[in-house]
Amino acid sequence: MNILADKLSEIYDLLLEAYGPQHWWPAESPLEVLVGAVLTQNTNWQGVEKAMTNVKNHNLLDPHKLQALPIVELAQLIKPAGYFNLKARRLKNLIDFIIEAYSGDLEAMERAETDQLREELLAVNGVGPETADSILLYALEKPVFVVDTYTYRVASRHGLIGKEASYDDLQELFTLHLPSEVRLFNEYHALLVRVGKLHCKRKPRCQGCPLEPLLP
DNA sequence: GACCAGGCACATC
DNA sequence: GATGTGCATGGT
């Protein structure tokens, strides 16, 4: 038997029962997920949606159109997502990469070997572990567990990891003790974000949390 | 007006 | 290697 596997499974079941399927990622295409993954860095989703709407309304959700667009103009379009100058540059870096390495063909990226692709993504300036893993899981449907601040808070609150745990430590916790299924990883991360937003903040509000019965 | 939000790179010690 | 800081809008 495996204590951690049981615990993770129990957490998942409680969250799914409480909240139901989250239907992530809220996007219509892999490219939209990819763009959204950069836009959502340390930012609430509402701003990302506004920024995304601007990009779509200008009919720019296309790798080659985005690449041709001057960075200052891209920055203006994505303003509602915050850090717009920074994110415009990061988006440009990412778009340049997918065009140079995969001819802007996301289906070609899907066929790439996961570990190598992850390394390539991480080599893009502006793409860190969470952004890379979000792209791999939610855009390209690779079985990669996405870690974020909420994952950290929930896992830490429930004694699954120590305060000093790294991104890789946390990712390993889930990947080693859960079946490697895209569907499961997708839903689990989304549920962790949901419960994190509602309860597991810096000052946790554990009353009424679906995971309250499991608290140490 | 303070605090927060689905990070990341870079400077400095 | 650890720790601190800039990036910025918009909602609560």
# chains A, B, ... in the order shown; residues from 1 in each chain; ligands from 1
call {"tool": "interface_residues", "arguments": {"of": "chain C", "to": "chain A", "cutoff": "6 Å", "atoms": "only C-alpha atoms (C1' of nucleotides)", "output": "PDB file with N, CA and C atoms (P, O5', C5', C4', C3', O3' and C1' of nucleotides), in the first residue's frame"}}
result
ATOM      1  P    DC C   7       9.954  48.109 -13.288  1.00  0.00           P
ATOM      2  O5'  DC C   7       8.980  47.042 -13.956  1.00  0.00           O
ATOM      3  C5'  DC C   7       9.470  46.199 -15.010  1.00  0.00           C
ATOM      4  C4'  DC C   7       8.467  45.109 -15.242  1.00  0.00           C
ATOM      5  C3'  DC C   7       7.011  45.591 -15.404  1.00  0.00           C
ATOM      6  O3'  DC C   7       6.471  44.988 -16.556  1.00  0.00           O
ATOM      7  C1'  DC C   7       7.114  43.772 -13.966  1.00  0.00           C
ATOM      8  P    DA C   8       5.686  45.805 -17.583  1.00  0.00           P
ATOM      9  O5'  DA C   8       4.308  45.901 -16.776  1.00  0.00           O
ATOM     10  C5'  DA C   8       3.812  47.102 -16.279  1.00  0.00           C
ATOM     11  C4'  DA C   8       2.321  46.942 -16.134  1.00  0.00           C
ATOM     12  C3'  DA C   8       1.604  48.120 -15.492  1.00  0.00           C
ATOM     13  O3'  DA C   8       0.304  48.167 -16.056  1.00  0.00           O
ATOM     14  C1'  DA C   8       1.278  46.229 -14.176  1.00  0.00           C
ATOM     15  P    DT C   9      -0.616  49.433 -16.006  1.00  0.00           P
ATOM     16  O5'  DT C   9      -2.042  48.797 -16.317  1.00  0.00           O
ATOM     17  C5'  DT C   9      -2.139  47.746 -17.284  1.00  0.00           C
ATOM     18  C4'  DT C   9      -3.148  46.721 -16.819  1.00  0.00           C
ATOM     19  C3'  DT C   9      -4.464  47.343 -16.338  1.00  0.00           C
ATOM     20  O3'  DT C   9      -5.515  46.775 -17.111  1.00  0.00           O
ATOM     21  C1'  DT C   9      -3.640  45.756 -14.761  1.00  0.00           C
TER      22       DT C   9
END
call {"tool": "interface_residues", "arguments": {"of": "chain B", "to": "chain A", "cutoff": "7 Å", "atoms": "only C-alpha atoms (C1' of nucleotides)", "output": "list in words"}}
result
DA5, DG6, DG7 and DC8 of chain B
call {"tool": "closest_residue", "arguments": {"among": "A:Leu140, A:Cys206, A:Ile11, A:Leu94", "to": "Glu120 (chain A)", "atoms": "only C-alpha atoms"}}
result
A:Leu94
call {"tool": "atom_distance", "arguments": {"atom1": "CA of Gly159 (chain A)", "atom2": "CA of Leu198 (chain A)"}}
result
19.1 Å
call {"tool": "residues_around", "arguments": {"residues": "Leu160 (chain A)", "least_positions_apart": "3", "cutoff": "12 Å", "atoms": "only C-alpha atoms (C1' of nucleotides)", "output": "PyMOL selection string"}}
result
chain A and resi 3-8+11+151-157+163-165+169-174+177+214-216
call {"tool": "select_by_dssp", "arguments": {"residues": "region 36-122 of chain A", "states": "alpha helix (DSSP H)", "output": "VMD selection string"}}
result
chain A and resid 36 to 39 45 to 57 63 to 68 71 to 77 84 to 102 106 to 110 114 to 122
call {"tool": "residues_around", "arguments": {"residues": "Gln67 (chain A)", "least_positions_apart": "3", "cutoff": "9 Å", "atoms": "only C-alpha atoms (C1' of nucleotides)", "output": "JSON, numbers by chain"}}
result
{"A": [62, 63, 64, 70, 71, 92, 95, 96, 99]}
call {"tool": "write_last_selection", "arguments": {"atoms": "C-alpha atoms", "output": "PDB file, in the first residue's frame"}}
result
ATOM      1  CA  ASP A  62      -2.084  32.719 -35.672  1.00  0.00           C
ATOM      2  CA  PRO A  63       1.636  32.082 -35.225  1.00  0.00           C
ATOM      3  CA  HIS A  64       2.760  33.939 -38.331  1.00  0.00           C
ATOM      4  CA  PRO A  70       5.329  44.695 -33.745  1.00  0.00           C
ATOM      5  CA  ILE A  71       5.896  44.081 -30.050  1.00  0.00           C
ATOM      6  CA  LYS A  92       7.274  36.871 -29.098  1.00  0.00           C
ATOM      7  CA  ILE A  95       6.131  32.293 -31.059  1.00  0.00           C
ATOM      8  CA  ASP A  96       9.587  32.628 -32.593  1.00  0.00           C
ATOM      9  CA  ILE A  99       7.946  28.801 -35.820  1.00  0.00           C
TER      10      ILE A  99
END
call {"tool": "atom_distance", "arguments": {"atom1": "CA of Leu34 (chain A)", "atom2": "CA of Ile135 (chain A)"}}
result
5.6 Å
call {"tool": "residues_around", "arguments": {"residues": "DC13 (chain B)", "least_positions_apart": "5", "cutoff": "12 Å", "atoms": "only C-alpha atoms (C1' of nucleotides)", "output": "list in words"}}
result
DG1, DA2, DT3 and DG4 of chain C
call {"tool": "atom_distance", "arguments": {"atom1": "CA of His23 (chain A)", "atom2": "CA of Met52 (chain A)"}}
result
18.1 Å
call {"tool": "residues_around", "arguments": {"residues": "Pro210 (chain A)", "least_positions_apart": "5", "cutoff": "7 Å", "atoms": "only C-alpha atoms (C1' of nucleotides)", "output": "JSON, numbers by chain"}}
result
{"A": [14, 15, 18]}
